[in-house]
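What follows is a set of notes on a single structure, which appears directly below.
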2 protein chains.
Amino acid sequence: MATATFSLHPQLAQDTHFVTDLPLCRVLLMNESRYPWFILVPRRADLREIHELDVAERAQLWAESDQLSRALLALFQPDKLNMAALGNMVAQLHVHHIARFQTDAAWPAPVWGKFPALAYAPEVAAQRIRSMQEALRT
Amino acid sequence: MATATFSLHPQLAQDTHFVTDLPLCRVLLMNESRYPWFILVPRRADLREIHELDVAERAQLWAESDQLSRALLALFQPDKLNMAALGNMVAQLHVHHIARFQTDAAWPAPVWGKFPALAYAPEVAAQRIRSMQEALRT
């Protein structure tokens, strides 16, 4: 799939760590240590909404969402997954996948806008990125 | 598709109006007049997460999500669509689809937990339900 004109929105670049590229989506780790929070960004230019993807790309997005969801379950055994495409702040299409726990800071509220992000210590981020890279390879 | 053992969670039943049944999902109108807010509920018993659907059902969920998204665009011309499967409060799998406007009460925040719901006047709800039923038939 062509990726020539894709570039990650600067706000997403600033708020996240790069994890890996799947066939369609870039996988990012949100730099918010309160929750295991990953984001899929389809590597297509000028995308805002899911329905703007063609049928094959949409199927691929949901396959990658499924893959990421299963990786979150395997790595973190959360009480609930939260998945959302919002984009009110950053219009570039991106799909949040968050492992939620009844003991987490925002439960049962959604995570957005609750707290300023609490950045990972670099070595913790690196470990979390590595474990997700491995989970997505299996 | 079998629907024998499906029953809508009482909280969802209380918070919404019935719109229609698509092949997989029940379509509900959230009784919150601030935003055009519809919900898809796959009519399967004991579902909590999207990955619990089999591959064919997942494809059908996303086809119906696409259909609902396009109906929201056609009916309301929103500035942005918001789509989310959260389920921290009501675990039964349900997928929110909300037409958002830069002028709406919660913009740019997500809608959940911002305000107590402002119920529709019955005739406004009835009109909104009819227009969505028609949009989903085309």
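Chain lettering (A, B, ...) mirrors the order of the structure tokens, residue numbering begins at 1 for each chain separately, and ligand numbering begins at 1 in order of display.
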Residues of chain A at most 8 Å from chain B: nearest atom pair and distance in Å, only C-alpha atoms, as CSV:
residue,atom,partner,partner_atom,distance
A:Glu49,CA,B:Leu81,CA,7.2
A:Ile50,CA,B:Asp66,CA,8.0
A:His51,CA,B:Asp66,CA,6.2
A:Ala59,CA,B:Ala59,CA,7.5
A:Trp62,CA,B:Trp62,CA,7.9
A:Asp66,CA,B:His51,CA,6.1
A:Ser69,CA,B:His51,CA,7.5
A:Arg70,CA,B:His51,CA,7.6
A:Lys80,CA,B:Asn88,CA,6.8
A:Leu81,CA,B:Leu86,CA,6.9
A:Asn82,CA,B:Leu86,CA,4.5
A:Met83,CA,B:Ala85,CA,5.2
A:Ala84,CA,B:Ala84,CA,4.0
A:Ala85,CA,B:Met83,CA,5.2
A:Leu86,CA,B:Asn82,CA,4.5
A:Gly87,CA,B:Asn82,CA,7.3
A:Asn88,CA,B:Pro108,CA,5.2
A:Met89,CA,B:Pro108,CA,6.3
A:Trp107,CA,B:Asn88,CA,7.4
A:Pro108,CA,B:Asn88,CA,5.3
A:Ala109,CA,B:Gly113,CA,7.2
A:Pro110,CA,B:Trp112,CA,7.3
A:Trp112,CA,B:Pro110,CA,7.3
A:Gly113,CA,B:Ala109,CA,7.2
Store the residues of this selection in a file with N, CA and C atoms, as an mmCIF file, in the first residue's frame.
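The file below, selection-v9.cif, is the result:
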data_model
loop_
_atom_site.group_PDB
_atom_site.id
_atom_site.type_symbol
_atom_site.label_atom_id
_atom_site.label_comp_id
_atom_site.auth_asym_id
_atom_site.auth_seq_id
_atom_site.Cartn_x
_atom_site.Cartn_y
_atom_site.Cartn_z
ATOM 1 N N GLU A 49 -12.032 10.745 8.476
ATOM 2 C CA GLU A 49 -13.105 9.873 8.958
ATOM 3 C C GLU A 49 -12.895 8.457 8.418
ATOM 4 N N ILE A 50 -13.381 7.488 9.155
ATOM 5 C CA ILE A 50 -13.216 6.085 8.779
ATOM 6 C C ILE A 50 -13.845 5.783 7.424
ATOM 7 N N HIS A 51 -15.006 6.391 7.153
ATOM 8 C CA HIS A 51 -15.699 6.057 5.897
ATOM 9 C C HIS A 51 -14.949 6.593 4.675
ATOM 10 N N ALA A 59 -11.480 -2.734 5.927
ATOM 11 C CA ALA A 59 -11.337 -4.102 6.449
ATOM 12 C C ALA A 59 -9.973 -4.275 7.107
ATOM 13 N N TRP A 62 -9.856 -2.569 10.541
ATOM 14 C CA TRP A 62 -10.519 -3.332 11.607
ATOM 15 C C TRP A 62 -9.760 -4.603 11.924
ATOM 16 N N ASP A 66 -8.377 -5.295 15.611
ATOM 17 C CA ASP A 66 -8.571 -6.574 16.281
ATOM 18 C C ASP A 66 -7.234 -7.121 16.789
ATOM 19 N N SER A 69 -6.182 -5.050 19.759
ATOM 20 C CA SER A 69 -7.038 -5.355 20.917
ATOM 21 C C SER A 69 -6.607 -6.654 21.583
ATOM 22 N N ARG A 70 -6.350 -7.673 20.759
ATOM 23 C CA ARG A 70 -5.937 -8.969 21.318
ATOM 24 C C ARG A 70 -4.564 -8.863 21.987
ATOM 25 N N LYS A 80 -11.596 -3.981 30.781
ATOM 26 C CA LYS A 80 -12.405 -3.530 29.643
ATOM 27 C C LYS A 80 -11.481 -2.870 28.631
ATOM 28 N N LEU A 81 -11.808 -3.049 27.378
ATOM 29 C CA LEU A 81 -11.135 -2.270 26.335
ATOM 30 C C LEU A 81 -11.990 -1.054 25.998
ATOM 31 N N ASN A 82 -11.338 0.055 25.735
ATOM 32 C CA ASN A 82 -12.024 1.240 25.202
ATOM 33 C C ASN A 82 -11.436 1.511 23.823
ATOM 34 N N MET A 83 -12.304 1.690 22.832
ATOM 35 C CA MET A 83 -11.855 1.954 21.458
ATOM 36 C C MET A 83 -12.631 3.155 20.945
ATOM 37 N N ALA A 84 -11.944 4.115 20.350
ATOM 38 C CA ALA A 84 -12.655 5.321 19.914
ATOM 39 C C ALA A 84 -11.910 6.056 18.817
ATOM 40 N N ALA A 85 -12.687 6.560 17.871
ATOM 41 C CA ALA A 85 -12.202 7.510 16.867
ATOM 42 C C ALA A 85 -12.949 8.813 17.125
ATOM 43 N N LEU A 86 -12.260 9.798 17.657
ATOM 44 C CA LEU A 86 -12.896 11.071 18.029
ATOM 45 C C LEU A 86 -12.404 12.150 17.063
ATOM 46 N N GLY A 87 -11.202 12.683 17.291
ATOM 47 C CA GLY A 87 -10.627 13.608 16.330
ATOM 48 C C GLY A 87 -11.163 15.020 16.403
ATOM 49 N N ASN A 88 -11.743 15.399 17.535
ATOM 50 C CA ASN A 88 -12.229 16.783 17.662
ATOM 51 C C ASN A 88 -11.064 17.757 17.824
ATOM 52 N N MET A 89 -9.987 17.295 18.437
ATOM 53 C CA MET A 89 -8.808 18.138 18.660
ATOM 54 C C MET A 89 -7.814 18.008 17.499
ATOM 55 N N TRP A 107 -11.346 5.549 35.887
ATOM 56 C CA TRP A 107 -12.481 4.612 35.882
ATOM 57 C C TRP A 107 -13.656 5.133 36.686
ATOM 58 N N PRO A 108 -14.936 5.023 36.242
ATOM 59 C CA PRO A 108 -15.329 4.442 34.949
ATOM 60 C C PRO A 108 -15.447 5.481 33.837
ATOM 61 N N ALA A 109 -14.969 6.694 34.061
ATOM 62 C CA ALA A 109 -15.071 7.730 33.025
ATOM 63 C C ALA A 109 -14.134 7.409 31.858
ATOM 64 N N PRO A 110 -14.421 7.976 30.687
ATOM 65 C CA PRO A 110 -13.443 7.908 29.594
ATOM 66 C C PRO A 110 -12.165 8.630 30.005
ATOM 67 N N TRP A 112 -10.218 10.734 28.195
ATOM 68 C CA TRP A 112 -9.889 12.007 27.556
ATOM 69 C C TRP A 112 -10.251 13.184 28.460
ATOM 70 N N GLY A 113 -9.305 14.090 28.604
ATOM 71 C CA GLY A 113 -9.577 15.321 29.326
ATOM 72 C C GLY A 113 -9.645 15.195 30.832
#
Exercise for review: Could you give me the residues within region 93-138 of chain A that DSSP places in helix (DSSP H, G or I), as an MDAnalysis selection string?
Suggested key: chainID A and resid 122:137
Give chain A as a tab-separated table (two decimals) with C-alpha atoms, in the first residue's frame once it has been least-squares superposed onto chain B over every C-alpha atom, paired in order.
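Dumped everything to out-v1.tsv:
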chain	number	residue	atom	x	y	z
A	1	MET	CA	-28.70	-14.52	12.22
A	2	ALA	CA	-30.10	-15.91	15.48
A	3	THR	CA	-31.30	-13.41	18.04
A	4	ALA	CA	-33.06	-15.71	20.49
A	5	THR	CA	-31.15	-14.92	23.65
A	6	PHE	CA	-30.37	-11.23	23.10
A	7	SER	CA	-31.86	-8.75	25.50
A	8	LEU	CA	-31.02	-5.08	25.69
A	9	HIS	CA	-29.36	-3.96	28.93
A	10	PRO	CA	-31.95	-2.12	31.07
A	11	GLN	CA	-29.76	1.00	31.30
A	12	LEU	CA	-29.49	1.24	27.51
A	13	ALA	CA	-33.23	0.63	27.23
A	14	GLN	CA	-33.88	3.45	29.69
A	15	ASP	CA	-31.51	5.97	28.06
A	16	THR	CA	-32.56	5.49	24.43
A	17	HIS	CA	-35.35	5.23	21.88
A	18	PHE	CA	-35.60	2.26	19.51
A	19	VAL	CA	-34.90	3.18	15.89
A	20	THR	CA	-34.65	-0.04	13.89
A	21	ASP	CA	-32.97	-3.44	13.66
A	22	LEU	CA	-30.28	-3.90	11.03
A	23	PRO	CA	-29.18	-7.48	10.20
A	24	LEU	CA	-26.79	-7.60	13.18
A	25	CYS	CA	-27.36	-4.53	15.32
A	26	ARG	CA	-30.18	-2.78	17.06
A	27	VAL	CA	-30.04	0.97	16.32
A	28	LEU	CA	-30.91	3.26	19.22
A	29	LEU	CA	-31.30	7.02	19.54
A	30	MET	CA	-29.72	8.33	22.73
A	31	ASN	CA	-32.30	10.45	24.55
A	32	GLU	CA	-29.92	13.43	24.71
A	33	SER	CA	-31.08	16.25	22.48
A	34	ARG	CA	-27.76	18.15	22.54
A	35	TYR	CA	-26.22	15.95	19.84
A	36	PRO	CA	-27.45	13.55	17.13
A	37	TRP	CA	-26.25	10.44	19.01
A	38	PHE	CA	-27.04	6.92	17.87
A	39	ILE	CA	-25.87	3.57	19.23
A	40	LEU	CA	-25.37	0.18	17.59
A	41	VAL	CA	-25.91	-2.88	19.79
A	42	PRO	CA	-25.10	-6.26	18.19
A	43	ARG	CA	-28.04	-8.55	18.97
A	44	ARG	CA	-25.96	-11.30	20.53
A	45	ALA	CA	-26.17	-12.50	24.11
A	46	ASP	CA	-23.37	-11.88	26.61
A	47	LEU	CA	-21.18	-9.72	24.37
A	48	ARG	CA	-18.73	-7.31	25.97
A	49	GLU	CA	-15.96	-6.71	23.45
A	50	ILE	CA	-15.78	-6.39	19.67
A	51	HIS	CA	-13.24	-9.20	19.32
A	52	GLU	CA	-15.80	-11.62	20.82
A	53	LEU	CA	-17.76	-11.41	17.55
A	54	ASP	CA	-16.68	-13.90	14.90
A	55	VAL	CA	-15.04	-12.62	11.73
A	56	ALA	CA	-18.26	-12.44	9.68
A	57	GLU	CA	-20.14	-10.69	12.48
A	58	ARG	CA	-17.32	-8.20	12.94
A	59	ALA	CA	-17.43	-7.39	9.23
A	60	GLN	CA	-21.17	-6.91	9.56
A	61	LEU	CA	-20.76	-4.63	12.59
A	62	TRP	CA	-18.36	-2.40	10.65
A	63	ALA	CA	-20.62	-2.41	7.58
A	64	GLU	CA	-23.50	-1.24	9.76
A	65	SER	CA	-21.24	1.32	11.45
A	66	ASP	CA	-20.34	2.63	8.01
A	67	GLN	CA	-24.02	2.74	7.03
A	68	LEU	CA	-24.94	4.64	10.20
A	69	SER	CA	-21.99	7.04	9.79
A	70	ARG	CA	-23.04	7.89	6.24
A	71	ALA	CA	-26.62	8.41	7.40
A	72	LEU	CA	-25.40	10.81	10.11
A	73	LEU	CA	-23.38	12.74	7.52
A	74	ALA	CA	-26.31	12.93	5.12
A	75	LEU	CA	-28.85	13.97	7.74
A	76	PHE	CA	-26.81	16.36	9.87
A	77	GLN	CA	-23.67	17.49	7.94
A	78	PRO	CA	-21.59	17.42	11.14
A	79	ASP	CA	-18.11	18.89	11.51
A	80	LYS	CA	-16.84	15.54	12.86
A	81	LEU	CA	-18.06	12.07	13.65
A	82	ASN	CA	-17.21	10.51	16.99
A	83	MET	CA	-17.32	6.70	17.21
A	84	ALA	CA	-16.55	4.74	20.36
A	85	ALA	CA	-16.98	1.42	22.12
A	86	LEU	CA	-16.38	2.12	25.82
A	87	GLY	CA	-18.65	0.06	28.06
A	88	ASN	CA	-17.14	1.00	31.42
A	89	MET	CA	-20.60	1.75	32.82
A	90	VAL	CA	-22.73	-0.66	30.78
A	91	ALA	CA	-20.64	-3.65	29.78
A	92	GLN	CA	-23.02	-4.92	27.04
A	93	LEU	CA	-21.23	-4.19	23.77
A	94	HIS	CA	-22.55	-0.99	22.22
A	95	VAL	CA	-20.93	1.38	19.77
A	96	HIS	CA	-21.63	5.11	19.98
A	97	HIS	CA	-21.92	7.19	16.79
A	98	ILE	CA	-22.26	10.91	17.41
A	99	ALA	CA	-22.51	13.82	14.98
A	100	ARG	CA	-20.41	16.60	16.46
A	101	PHE	CA	-20.42	20.31	15.72
A	102	GLN	CA	-17.93	23.00	16.63
A	103	THR	CA	-20.94	24.82	18.07
A	104	ASP	CA	-22.21	21.94	20.24
A	105	ALA	CA	-22.30	22.10	24.03
A	106	ALA	CA	-19.32	19.83	24.70
A	107	TRP	CA	-17.03	20.66	21.74
A	108	PRO	CA	-14.16	19.80	21.51
A	109	ALA	CA	-14.44	17.46	24.51
A	110	PRO	CA	-16.00	14.01	24.21
A	111	VAL	CA	-19.70	13.97	25.13
A	112	TRP	CA	-19.59	11.39	27.93
A	113	GLY	CA	-20.00	12.70	31.44
A	114	LYS	CA	-20.20	16.37	30.44
A	115	PHE	CA	-23.86	17.06	31.17
A	116	PRO	CA	-26.92	15.21	32.45
A	117	ALA	CA	-28.91	14.22	29.37
A	118	LEU	CA	-31.40	16.77	28.08
A	119	ALA	CA	-34.30	14.60	26.90
A	120	TYR	CA	-35.98	15.17	23.55
A	121	ALA	CA	-39.49	16.52	23.32
A	122	PRO	CA	-41.48	13.46	22.17
A	123	GLU	CA	-42.36	14.90	18.76
A	124	VAL	CA	-38.73	15.86	18.09
A	125	ALA	CA	-37.55	12.36	19.01
A	126	ALA	CA	-40.22	10.84	16.77
A	127	GLN	CA	-39.15	13.01	13.84
A	128	ARG	CA	-35.44	12.20	14.38
A	129	ILE	CA	-36.21	8.47	14.56
A	130	ARG	CA	-38.26	8.61	11.37
A	131	SER	CA	-35.57	10.49	9.46
A	132	MET	CA	-32.92	7.98	10.55
A	133	GLN	CA	-35.14	5.02	9.67
A	134	GLU	CA	-35.52	6.48	6.18
A	135	ALA	CA	-31.80	7.24	5.81
A	136	LEU	CA	-30.89	3.66	6.81
A	137	ARG	CA	-33.33	2.22	4.26
A	138	THR	CA	-31.72	3.98	1.27
Discussion item. Among region 9-132 of chain A, which ones does DSSP assign to strand (DSSP E) (computed from the backbone)? Answer as number ranges by chain.
Written reply: A: 16-21, 25-30, 37-42, 80-85, 95-100
